[in-house]
Each structure stands twice: as structure tokens, then as C-alpha cells.
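Q: My structure is in run_18.pdb, and what it holds is PDB, C-alpha atoms, pLDDT in the B column:
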```
ATOM      1  CA  MET O   1     -14.135   8.355  30.783  1.00 39.00           C
ATOM      2  CA  TYR O   2     -10.599   8.649  32.022  1.00 41.00           C
ATOM      3  CA  GLU O   3     -10.082   9.949  35.537  1.00 46.00           C
ATOM      4  CA  ASP O   4      -7.439  12.494  34.569  1.00 46.00           C
ATOM      5  CA  SER O   5      -9.263  14.790  32.149  1.00 44.00           C
ATOM      6  CA  HIS O   6      -6.203  17.020  31.734  1.00 48.00           C
ATOM      7  CA  THR O   7      -4.183  14.356  29.926  1.00 51.00           C
ATOM      8  CA  ARG O   8      -6.980  12.555  28.095  1.00 50.00           C
ATOM      9  CA  MET O   9      -9.606  14.403  26.105  1.00 53.00           C
ATOM     10  CA  ALA O  10     -11.518  11.583  24.464  1.00 57.00           C
ATOM     11  CA  LYS O  11     -11.951   7.858  24.633  1.00 63.00           C
ATOM     12  CA  VAL O  12     -12.582   5.433  21.812  1.00 64.00           C
ATOM     13  CA  GLU O  13     -14.568   2.314  22.568  1.00 69.00           C
ATOM     14  CA  TRP O  14     -14.305  -0.363  19.889  1.00 66.00           C
ATOM     15  CA  ALA O  15     -16.958  -3.024  19.468  1.00 72.00           C
ATOM     16  CA  ASP O  16     -16.139  -6.309  21.206  1.00 69.00           C
ATOM     17  CA  ALA O  17     -15.816  -8.090  17.860  1.00 66.00           C
ATOM     18  CA  ILE O  18     -12.969  -5.786  16.761  1.00 66.00           C
ATOM     19  CA  LYS O  19      -9.648  -7.381  17.589  1.00 65.00           C
ATOM     20  CA  THR O  20      -7.351  -4.999  15.681  1.00 66.00           C
ATOM     21  CA  VAL O  21      -7.549  -1.649  13.924  1.00 68.00           C
ATOM     22  CA  SER O  22      -4.606  -0.116  12.153  1.00 72.00           C
ATOM     23  CA  GLY O  23      -4.581   2.659   9.607  1.00 74.00           C
ATOM     24  CA  ALA O  24      -6.044   5.928   8.457  1.00 75.00           C
ATOM     25  CA  LEU O  25      -9.626   6.747   9.353  1.00 73.00           C
ATOM     26  CA  THR O  26      -9.454   9.943   7.276  1.00 77.00           C
ATOM     27  CA  LYS O  27      -6.847  11.054   4.777  1.00 78.00           C
ATOM     28  CA  ILE O  28      -5.661  14.378   3.440  1.00 78.00           C
ATOM     29  CA  ASN O  29      -6.666  15.207  -0.128  1.00 79.00           C
ATOM     30  CA  LYS O  30      -3.278  16.513  -1.287  1.00 79.00           C
ATOM     31  CA  LYS O  31      -4.792  17.849  -4.538  1.00 82.00           C
ATOM     32  CA  SER O  32      -7.244  20.077  -2.669  1.00 81.00           C
ATOM     33  CA  GLN O  33      -6.551  23.785  -2.329  1.00 83.00           C
ATOM     34  CA  HIS O  34      -7.399  23.311   1.358  1.00 80.00           C
ATOM     35  CA  ALA O  35      -4.925  20.472   1.918  1.00 78.00           C
ATOM     36  CA  GLY O  36      -3.000  22.524   4.467  1.00 78.00           C
ATOM     37  CA  ASP O  37      -6.111  22.815   6.636  1.00 81.00           C
ATOM     38  CA  GLN O  38      -6.980  19.104   6.600  1.00 80.00           C
ATOM     39  CA  LYS O  39      -5.926  16.519   9.168  1.00 80.00           C
ATOM     40  CA  MET O  40      -5.235  12.820   8.825  1.00 78.00           C
ATOM     41  CA  ILE O  41      -6.617  10.680  11.629  1.00 78.00           C
ATOM     42  CA  LEU O  42      -4.805   7.407  12.282  1.00 77.00           C
ATOM     43  CA  ALA O  43      -6.007   4.760  14.711  1.00 78.00           C
ATOM     44  CA  THR O  44      -4.453   1.664  16.187  1.00 77.00           C
ATOM     45  CA  HIS O  45      -6.086  -0.872  18.451  1.00 71.00           C
ATOM     46  CA  ARG O  46      -4.988  -4.257  19.639  1.00 69.00           C
ATOM     47  CA  VAL O  47      -6.142  -6.671  22.267  1.00 67.00           C
ATOM     48  CA  ALA O  48      -3.468  -6.401  24.931  1.00 64.00           C
ATOM     49  CA  GLU O  49      -2.039  -9.476  26.595  1.00 66.00           C
ATOM     50  CA  THR O  50      -1.434  -7.402  29.719  1.00 65.00           C
ATOM     51  CA  THR O  51      -3.700  -5.494  32.065  1.00 68.00           C
ATOM     52  CA  ASN O  52      -2.584  -2.189  30.516  1.00 65.00           C
ATOM     53  CA  PRO O  53      -5.759  -0.345  29.427  1.00 64.00           C
ATOM     54  CA  ASP O  54      -3.906   1.733  26.823  1.00 66.00           C
ATOM     55  CA  CYS O  55      -4.195  -0.576  23.851  1.00 72.00           C
ATOM     56  CA  SER O  56      -5.883   2.016  21.602  1.00 73.00           C
ATOM     57  CA  ARG O  57      -4.240   5.050  20.066  1.00 74.00           C
ATOM     58  CA  ILE O  58      -5.502   7.804  17.794  1.00 73.00           C
ATOM     59  CA  TYR O  59      -3.137  10.246  16.101  1.00 75.00           C
ATOM     60  CA  MET O  60      -3.837  13.420  14.160  1.00 75.00           C
ATOM     61  CA  ARG O  61      -1.379  14.600  11.554  1.00 77.00           C
ATOM     62  CA  GLY O  62      -1.276  17.630   9.321  1.00 77.00           C
ATOM     63  CA  LEU O  63      -0.009  17.872   5.769  1.00 73.00           C
ATOM     64  CA  SER O  64       3.545  18.706   6.818  1.00 71.00           C
ATOM     65  CA  SER O  65       3.861  15.354   8.596  1.00 63.00           C
ATOM     66  CA  VAL O  66       2.801  13.375   5.502  1.00 58.00           C
ATOM     67  CA  THR O  67       4.790  15.396   2.976  1.00 63.00           C
ATOM     68  CA  ARG O  68       8.169  13.940   2.106  1.00 72.00           C
ATOM     69  CA  SER O  69      11.050  15.879   3.639  1.00 76.00           C
ATOM     70  CA  THR O  70      13.883  14.327   1.611  1.00 85.00           C
ATOM     71  CA  PRO O  71      14.376  14.113  -2.153  1.00 89.00           C
ATOM     72  CA  LEU O  72      13.874  10.802  -3.955  1.00 88.00           C
ATOM     73  CA  SER O  73      16.959   8.608  -4.046  1.00 93.00           C
ATOM     74  CA  GLN O  74      18.342   7.290  -7.322  1.00 93.00           C
ATOM     75  CA  LYS O  75      17.061   3.783  -6.454  1.00 93.00           C
ATOM     76  CA  GLU O  76      13.547   5.132  -5.749  1.00 93.00           C
ATOM     77  CA  MET O  77      13.494   6.961  -9.078  1.00 93.00           C
ATOM     78  CA  GLN O  78      14.613   3.770 -10.861  1.00 94.00           C
ATOM     79  CA  ASN O  79      11.867   1.795  -9.104  1.00 93.00           C
ATOM     80  CA  GLN O  80       9.247   4.361 -10.117  1.00 94.00           C
ATOM     81  CA  SER O  81      10.448   4.302 -13.728  1.00 95.00           C
ATOM     82  CA  ARG O  82      10.373   0.490 -13.754  1.00 95.00           C
ATOM     83  CA  PHE O  83       6.859   0.384 -12.300  1.00 95.00           C
ATOM     84  CA  THR O  84       5.565   2.899 -14.863  1.00 96.00           C
ATOM     85  CA  ALA O  85       7.162   1.036 -17.774  1.00 96.00           C
ATOM     86  CA  VAL O  86       6.028  -2.424 -16.636  1.00 96.00           C
ATOM     87  CA  ALA O  87       2.459  -1.170 -16.003  1.00 95.00           C
ATOM     88  CA  ALA O  88       2.332   0.225 -19.544  1.00 96.00           C
ATOM     89  CA  ALA O  89       3.740  -3.029 -20.955  1.00 95.00           C
ATOM     90  CA  VAL O  90       1.127  -5.108 -19.082  1.00 94.00           C
ATOM     91  CA  LYS O  91      -1.664  -2.896 -20.378  1.00 94.00           C
ATOM     92  CA  ALA O  92      -0.364  -3.142 -23.953  1.00 93.00           C
ATOM     93  CA  ARG O  93       0.139  -6.907 -23.736  1.00 91.00           C
ATOM     94  CA  LYS O  94      -3.399  -7.470 -22.399  1.00 90.00           C
ATOM     95  CA  GLY O  95      -4.750  -5.659 -25.451  1.00 86.00           C
ATOM     96  CA  ALA O  96      -2.485  -7.356 -28.015  1.00 87.00           C
ATOM     97  CA  LEU O  97      -4.499 -10.116 -29.646  1.00 88.00           C
ATOM     98  CA  GLU O  98      -1.407 -11.882 -30.967  1.00 89.00           C
ATOM     99  CA  HIS O  99      -0.289 -12.680 -27.383  1.00 88.00           C
ATOM    100  CA  VAL O 100      -3.626 -13.725 -25.843  1.00 89.00           C
ATOM    101  CA  ALA O 101      -3.584 -17.420 -26.779  1.00 90.00           C
ATOM    102  CA  SER O 102       0.104 -18.025 -26.049  1.00 91.00           C
ATOM    103  CA  ASP O 103      -0.012 -16.059 -22.783  1.00 90.00           C
ATOM    104  CA  ARG O 104      -3.069 -17.998 -21.617  1.00 91.00           C
ATOM    105  CA  GLN O 105      -1.447 -21.328 -22.447  1.00 92.00           C
ATOM    106  CA  ALA O 106       1.819 -20.366 -20.694  1.00 91.00           C
ATOM    107  CA  PHE O 107      -0.106 -19.034 -17.683  1.00 91.00           C
ATOM    108  CA  LEU O 108      -2.109 -22.238 -17.269  1.00 90.00           C
ATOM    109  CA  ALA O 109       1.046 -24.352 -17.601  1.00 92.00           C
ATOM    110  CA  GLN O 110       2.812 -22.564 -14.735  1.00 90.00           C
ATOM    111  CA  LYS O 111      -0.203 -21.779 -12.516  1.00 88.00           C
ATOM    112  CA  ASP O 112      -0.169 -24.950 -10.396  1.00 88.00           C
ATOM    113  CA  THR O 113       3.615 -25.266 -10.114  1.00 89.00           C
ATOM    114  CA  ALA O 114       5.643 -24.217  -7.081  1.00 88.00           C
ATOM    115  CA  GLY O 115       6.096 -20.457  -7.235  1.00 87.00           C
ATOM    116  CA  GLY O 116       3.623 -20.156 -10.100  1.00 89.00           C
ATOM    117  CA  LYS O 117       1.562 -16.996 -10.512  1.00 89.00           C
ATOM    118  CA  LYS O 118      -2.042 -17.630  -9.518  1.00 89.00           C
ATOM    119  CA  THR O 119      -3.680 -14.875 -11.576  1.00 90.00           C
ATOM    120  CA  MET O 120      -3.244 -13.820 -15.180  1.00 90.00           C
ATOM    121  CA  LYS O 121      -2.529 -10.272 -14.036  1.00 91.00           C
ATOM    122  CA  ALA O 122       0.286 -11.411 -11.728  1.00 91.00           C
ATOM    123  CA  TYR O 123       1.680 -13.575 -14.519  1.00 92.00           C
ATOM    124  CA  LEU O 124       1.723 -10.671 -16.987  1.00 93.00           C
ATOM    125  CA  TRP O 125       3.417  -8.427 -14.407  1.00 94.00           C
ATOM    126  CA  TYR O 126       6.037 -11.132 -13.903  1.00 94.00           C
ATOM    127  CA  ILE O 127       6.656 -11.609 -17.642  1.00 93.00           C
ATOM    128  CA  CYS O 128       6.737  -7.890 -18.446  1.00 94.00           C
ATOM    129  CA  GLY O 129       8.946  -7.251 -15.420  1.00 94.00           C
ATOM    130  CA  GLN O 130      11.430  -9.856 -16.626  1.00 94.00           C
ATOM    131  CA  GLU O 131      11.448  -8.302 -20.099  1.00 94.00           C
ATOM    132  CA  TYR O 132      12.064  -4.842 -18.616  1.00 96.00           C
ATOM    133  CA  ASP O 133      14.903  -6.160 -16.434  1.00 95.00           C
ATOM    134  CA  GLN O 134      16.566  -7.790 -19.455  1.00 94.00           C
ATOM    135  CA  GLU O 135      16.389  -4.541 -21.419  1.00 94.00           C
ATOM    136  CA  HIS O 136      17.539  -2.389 -18.483  1.00 90.00           C
ATOM    137  CA  PRO O 137      20.172  -4.308 -16.506  1.00 86.00           C
ATOM    138  CA  GLN O 138      21.080  -2.828 -13.115  1.00 78.00           C
ATOM    139  CA  GLY O 139      24.818  -2.557 -12.788  1.00 58.00           C
TER     140      GLY O 139
END
```
Starting from the coordinates I provided, produce the structure as C-alpha cells.

A:
Amino acid sequence: MYEDSHTRMAKVEWADAIKTVSGALTKINKKSQHAGDQKMILATHRVAETTNPDCSRIYMRGLSSVTRSTPLSQKEMQNQSRFTAVAAAVKARKGALEHVASDRQAFLAQKDTAGGKKTMKAYLWYICGQEYDQEHPQG
């Protein structure tokens, strides 16, 4: 335990094999009627290159600290609209039998080239994203 119990209330000891930890240990269920009572617990840990023993941190946050305080910008709304439209186009294209053979052939042709998409899903997102961008130019 820490010597000064007034400033430190708990200590986390990570297993020796753990080199880094970063992220939420628990999250707030924003859809819950009790969301305001829940807490998010975030932890960070790194192996320090110094003799400083404080290489671990744990934070607790309530709903107000994870709720957005500013309205969405125009660019953010455009990005959300693009994502929604491209996701729908990918889903439709995966189910369209008339595109399966040609998409597979085009995917395999570009897969091993520099900058080629390595999965069919990534390839379809790329193709549908290009189609969306051609139909909705940003000006």
C-alpha cells in the first residue's frame, strides 16, 4: 500500500506479463434508465523508463463527462451521413447476385498490388465510398 493513505485510496497491481493497459474497464449503458447513476472506469498502465512508481492510473467518470457538450459540426454530420449511406450500399452490393462475380474478380486483381485492399469487405467499402463521393462532391 501507499504510505500516504490520505492521497491514495487504492492500489492496482498488474500481472508481470502486462506491459500496457489502456481503455475502459467498465462503460456506461447510455440507454439504461439508470445511466446517470453509472460510472465509467478507465485504466492506463505502462512500463515506465524512469524510477517513478506512478505508471498506473485509474479514472472514474460519470455520464456528464462522456456526454457531448457541443453540437455536431456540419463536417461531422456529413461524415455520419456518408458512413450511413456507404454502409447501406455495401450491404446491398454484397447481396446483389449480379455483382458477385465481377466484384470477386476485381478484388482478386487488386488484392496483391501496392495499396490494394486485403479483404473483400474493405474492397467493397472502398468501391462504394468512391461511388458515394462521385455522387456527392464536397465543394

Q: Quick check, in Å to one decimal: how far apart do atom CA of Gly23 of chain O and atom CA of Ala43 of chain O lie?

A: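 Between atom CA of Gly23 of chain O and atom CA of Ala43 of chain O the gap is 5.7 Å.
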
Q: Once the PyMOL selection byres ((chain O and resi 39) around 9) has been applied to the shown file, what residues remain in the selection, as number ranges by chain?

A: O: 26-28, 35-38, 40-41, 60-63

Q: Rounded to one decimal place, report the atom CA of Thr119 of chain O-atom CA of Gly95 of chain O distance in Å.

A: 16.7 Å

Q: Could you check which of O:Pro137, O:Gln80, O:Gln105, O:Ala89 is closest to Met120 of chain O, using all atoms listed in the file?

A: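 With all atoms listed in the file as the atom set, the closest residue is O:Gln105.
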
Q: Please enclose the listed atoms of segment 27-39 of chain O in an axis-aligned box, pad each side by 3 Å, and write out the centre and the three edge lengths in Å, rounded to one decimal, as AutoDock Vina command-line options.

A:
```
--center_x -5.2 --center_y 17.4 --center_z 2.3 --size_x 10.4 --size_y 18.7 --size_z 19.7
```

Q: Expressed in Å to a single decimal, how great is the separation between atom CA of Ser22 of chain O and atom CA of Ala122 of chain O?

A: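 For atom CA of Ser22 of chain O relative to atom CA of Ala122 of chain O, the distance reads 26.9 Å.
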
Q: Every residue with an atom at most 12 Å from (16.3, -5.0, -17.2) (file coordinates; only C-alpha atoms) is what I'm after, so could you write them as a short mmCIF file (atom, residue, chain, number, x, y, z; two decimals) with C-alpha atoms, in the frame of the given file?

A:
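Output contents, as saved in out_33.cif:
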```cif
data_model
loop_
_atom_site.label_atom_id
_atom_site.label_comp_id
_atom_site.auth_asym_id
_atom_site.auth_seq_id
_atom_site.Cartn_x
_atom_site.Cartn_y
_atom_site.Cartn_z
CA GLN O 78 14.61 3.77 -10.86
CA ASN O 79 11.87 1.80 -9.10
CA SER O 81 10.45 4.30 -13.73
CA ARG O 82 10.37 0.49 -13.75
CA PHE O 83 6.86 0.38 -12.30
CA ALA O 85 7.16 1.04 -17.77
CA VAL O 86 6.03 -2.42 -16.64
CA ILE O 127 6.66 -11.61 -17.64
CA CYS O 128 6.74 -7.89 -18.45
CA GLY O 129 8.95 -7.25 -15.42
CA GLN O 130 11.43 -9.86 -16.63
CA GLU O 131 11.45 -8.30 -20.10
CA TYR O 132 12.06 -4.84 -18.62
CA ASP O 133 14.90 -6.16 -16.43
CA GLN O 134 16.57 -7.79 -19.45
CA GLU O 135 16.39 -4.54 -21.42
CA HIS O 136 17.54 -2.39 -18.48
CA PRO O 137 20.17 -4.31 -16.51
CA GLN O 138 21.08 -2.83 -13.12
CA GLY O 139 24.82 -2.56 -12.79
#
```
